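Reviewing the structure listed below.
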Amino acid sequence: MPATLDDVARHAGVSRSAASRAINDRPGVKPDVRARVLAAAEQLGFRPNRSARSLASGRSSVIGLVIPTADLRVDPYGAALTHAVGRAAAHRDLALVLQIADERPGRTVQHILADGLLDGLLISAVAVGPAWVDELIDAPLPSVLIGAHPSRTGLTDVTVESVESSSAAVTHLFAAGCTRVGIITGPPGRVDAAERLTGYRLAHQRAGRTVDEHLIVPGDYTRPSGLTGAALLVDRGADGIFASNDEMAVAAMWTITHRGLNVPRDVKVAGFDGSAIGEMIEPSLTSVVQPFDGLASAAVGLLEAAIGGDTAPARVRLEPTLVIGGSTTTT
């Protein structure tokens with residue numbers, strides 16, 4: 001049978017009310033008592049009854065994540081982010097519900113707000129666009145944006161630095177011997193895509209190189225745009241490619257190989273995200289690795305603070321790491 005609150009209280013040598021206060025993080029509990037109770041709960045595998053706790057606190061301990069369907073279906077970024085948010089929520093004993101972003105949501109905004117299921121929302125910036133997502137951002141329900149909104153300020157958000165880290169990736173391609181480095185950009189209107197293009201230009205400026213505008217080709221973070229973009233860049237004489245996400249970078253490597261060229265000997269490739277897909281190919285992908293766990297933990301922490309009444313907008317900016325793989329290293 002599952003452990004009960006009475007079991008925890010007996011194991012910790014405290015009253016049932018003291019155990020309840022400690023587990024629910026209420027005031028009036030001595031630090032040593034709280035530590036004993038939490039240790040007993042962990043040892044016994046105790047999990048608070050969510051329904052009872054909701055009645056007592058007025059909260060459901062359930063949060064939502066708004067993310068586009070396509071991110072879960074084809075883009076490793078969406079899967080990695082969802083997985084990390086799920087872990088961060090579980091660590092704080094919160095349940096997670098996915099709200100799939102589409103032009104026409106299955107549930108109306110009014111239902112999401114009125115049914116009382118959610119304490120707050122995490123909204124992926126990738127989902128921004130449909131009017132109903134902006135309605136959720138403007139709603140009284142506490143929310144945190146993961147990524148930057150393309151046109152609005154004053155929101156609580158958690159972002160990953162993209163300018164300097166993209167510049168570092170392009171600079172690495174120069175250092176690896178590339179003289180004509182092209183970029184496959186991200187979708188128009190995306191803040192992260194614009195920042196990665198800025199980083200590409202910044203690396204050229206710092207190296208005293210002139211940007212060849214013909215080596216800037218459009219992409220949209222999907223595999224087909226990576227295939228097409230790489231074909232254009234190879235035809236234009238690129239010996240290095242910085243793709244604005246890993247999905248396009250892996251597609252670029254496929255195109256290069258099927259042109260009878262070698263990665264990294266003929267064309268070196270770097271991406272952005274650090275998703276698992278880059279580790280599963282040969283050669284492994286050089287990529288700017290996003291701190292998904294840190295991103296999710298910070299976002300969930302900010303949302304908990306907002307749910308608790310901290311309404312002041314806050315911004316957390318995390319630093320990614322350039323990890324060198326075989327796609328840019330000639331042995």
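Chain identifiers are assigned as A, B, and so on, following the order in which chains appear in the structure tokens; residues are numbered from 1 within each chain, and ligands are numbered from 1 in order of appearance.
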**Q.** Residue list (strand (DSSP E), DSSP) for stretch 104-319 of chain A, as number ranges by chain
**A.** A: 120-124, 143-146, 157-160, 181-184, 216-217, 240-243, 268-273, 286-289, 315-318
Next, write the just-selected residues to a file, as a compact mmCIF listing (two decimals), in the first residue's frame, keeping N, CA and C atoms as the atom set.
```txt
# COMPACT_ATOMS: atom_id res chain seq x y z
N GLY A 120 -0.92 27.82 -13.93
CA GLY A 120 -0.15 28.74 -14.75
C GLY A 120 0.27 28.08 -16.04
N LEU A 121 0.88 28.87 -16.92
CA LEU A 121 1.25 28.38 -18.25
C LEU A 121 2.70 28.72 -18.58
N LEU A 122 3.39 27.76 -19.18
CA LEU A 122 4.65 28.01 -19.86
C LEU A 122 4.33 28.04 -21.35
N ILE A 123 4.79 29.07 -22.05
CA ILE A 123 4.46 29.23 -23.46
C ILE A 123 5.76 29.29 -24.26
N SER A 124 5.95 28.33 -25.14
CA SER A 124 7.13 28.35 -26.01
C SER A 124 6.98 29.49 -27.00
N SER A 143 1.87 33.38 -16.46
CA SER A 143 2.52 32.72 -17.59
C SER A 143 3.98 33.14 -17.68
N VAL A 144 4.79 32.27 -18.26
CA VAL A 144 6.21 32.53 -18.52
C VAL A 144 6.48 32.11 -19.95
N LEU A 145 7.16 32.96 -20.69
CA LEU A 145 7.51 32.67 -22.08
C LEU A 145 8.89 32.03 -22.13
N ILE A 146 9.01 30.92 -22.83
CA ILE A 146 10.30 30.27 -23.04
C ILE A 146 10.80 30.71 -24.40
N ASP A 157 10.21 36.05 -19.10
CA ASP A 157 10.66 35.05 -20.06
C ASP A 157 12.03 34.49 -19.68
N VAL A 158 12.33 33.34 -20.25
CA VAL A 158 13.63 32.68 -20.12
C VAL A 158 14.15 32.47 -21.53
N THR A 159 15.33 33.01 -21.82
CA THR A 159 15.87 32.92 -23.17
C THR A 159 17.29 32.35 -23.13
N VAL A 160 17.75 31.95 -24.30
CA VAL A 160 19.12 31.48 -24.48
C VAL A 160 19.85 32.48 -25.36
N VAL A 181 32.07 30.85 -45.60
CA VAL A 181 31.10 30.25 -44.68
C VAL A 181 29.72 30.83 -44.99
N GLY A 182 28.78 29.95 -45.29
CA GLY A 182 27.41 30.36 -45.52
C GLY A 182 26.53 30.07 -44.32
N ILE A 183 25.33 30.61 -44.34
CA ILE A 183 24.37 30.36 -43.27
C ILE A 183 23.02 30.00 -43.88
N ILE A 184 22.37 29.03 -43.26
CA ILE A 184 20.96 28.74 -43.54
C ILE A 184 20.18 29.35 -42.38
N ILE A 216 24.04 33.79 -47.77
CA ILE A 216 22.95 33.82 -46.78
C ILE A 216 21.70 33.30 -47.48
N VAL A 217 21.28 32.09 -47.12
CA VAL A 217 20.11 31.49 -47.78
C VAL A 217 19.01 31.24 -46.76
N GLY A 240 32.05 26.03 -45.76
CA GLY A 240 31.58 25.91 -44.38
C GLY A 240 30.13 26.35 -44.32
N ILE A 241 29.33 25.67 -43.52
CA ILE A 241 27.91 26.02 -43.38
C ILE A 241 27.56 26.10 -41.90
N PHE A 242 26.98 27.23 -41.50
CA PHE A 242 26.38 27.35 -40.18
C PHE A 242 24.87 27.31 -40.37
N ALA A 243 24.26 26.22 -39.95
CA ALA A 243 22.81 26.09 -40.02
C ALA A 243 22.22 26.56 -38.70
N LYS A 268 32.58 21.93 -44.09
CA LYS A 268 32.39 21.76 -42.65
C LYS A 268 31.02 22.32 -42.25
N VAL A 269 30.39 21.68 -41.26
CA VAL A 269 29.01 22.05 -40.91
C VAL A 269 28.89 22.21 -39.39
N ALA A 270 28.21 23.27 -38.96
CA ALA A 270 27.89 23.49 -37.55
C ALA A 270 26.41 23.83 -37.43
N GLY A 271 25.81 23.46 -36.31
CA GLY A 271 24.39 23.74 -36.09
C GLY A 271 24.16 24.47 -34.78
N PHE A 272 22.91 24.48 -34.36
CA PHE A 272 22.52 25.16 -33.12
C PHE A 272 21.37 24.39 -32.50
N ASP A 273 21.53 24.02 -31.25
CA ASP A 273 20.52 23.38 -30.36
C ASP A 273 21.17 22.34 -29.46
N THR A 286 28.99 19.32 -34.89
CA THR A 286 29.39 20.46 -34.06
C THR A 286 28.17 21.35 -33.88
N SER A 287 27.88 21.72 -32.64
CA SER A 287 26.64 22.46 -32.40
C SER A 287 26.75 23.36 -31.18
N VAL A 288 25.99 24.44 -31.20
CA VAL A 288 25.81 25.29 -30.03
C VAL A 288 24.74 24.62 -29.18
N VAL A 289 25.13 24.12 -28.03
CA VAL A 289 24.24 23.28 -27.21
C VAL A 289 23.42 24.14 -26.25
N ARG A 315 13.42 38.48 -16.36
CA ARG A 315 14.06 37.87 -17.52
C ARG A 315 15.30 37.10 -17.08
N VAL A 316 15.38 35.86 -17.51
CA VAL A 316 16.55 35.03 -17.27
C VAL A 316 17.16 34.70 -18.63
N ARG A 317 18.46 34.92 -18.76
CA ARG A 317 19.15 34.67 -20.02
C ARG A 317 20.27 33.67 -19.75
N LEU A 318 20.23 32.53 -20.40
CA LEU A 318 21.18 31.45 -20.17
C LEU A 318 22.19 31.37 -21.31
```
Q: Give me the residues within 9 Å of stretch 188-192 of chain A as a ChimeraX atom specification, counting only C-alpha atoms and dropping any in the same chain fewer than 5 places off.
A: /A:125-126,147-151,160-163,197,218-220,244
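If you measure from each of A:Ala39, A:Leu98, A:Val323, A:Ala12 to A:Gly274 using only C-alpha atoms, the closest one turns out to be A:Val323.
Among the candidate residues A:Val66, A:Leu233, A:Val109, A:Ala95, the one lying nearest to A:Thr255 is A:Leu233, with distances computed using only C-alpha atoms.
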Q. Atom CA of A:His172 to atom CA of A:Pro224: how many Å, to one decimal?
A. 25.6 Å
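Interatomic distance, atom CA of A:Pro68 to atom CA of A:Asp93: 24.7 Å.
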Q) Mind checking DSSP for stretch 37-227 of chain A and telling me the helix (DSSP H, G or I) residues as a PyMOL selection string? A) chain A and resi 37-44+50-57+69-73+76-91+109-114+125-127+131-138+163-175+191-206+213-215+223-227
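For the choices A:Thr179, A:Asn245, A:Gln43, A:Thr153, the atom-to-atom distance to A:Ala193 is smallest for A:Asn245 when using only C-alpha atoms.
Closest to A:Arg87 among A:Thr328, A:Asn262, A:Ser297, A:Thr198 is A:Ser297, based on only C-alpha atoms.
Take the candidates A:Ala3, A:Leu94, A:Ile67, A:Ala19 and check each one against A:Glu304 using only C-alpha atoms; the shortest distance goes to A:Leu94.
Omitting A:Ser167 and its sequence neighbours fewer than 5 positions away, and counting only C-alpha atoms, the residues within 6 Å are Gly199, Tyr200 and Ala203 of chain A.
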Q: Would you list the contacts of A:Val267 as a list in words, taking every protein, DNA or RNA residue within 10 Å and counting only C-alpha atoms, but skipping same-chain residues closer than 3 positions in sequence?
A: Leu173, Cys178, Arg180, Val181, Val234, Gly237, Ala238, Asp239, Gly240, Ile241, Ala252, Met253, Ile256, Thr257, Leu261, Asn262, Val263, Pro264, Ser327 and Thr328 of chain A
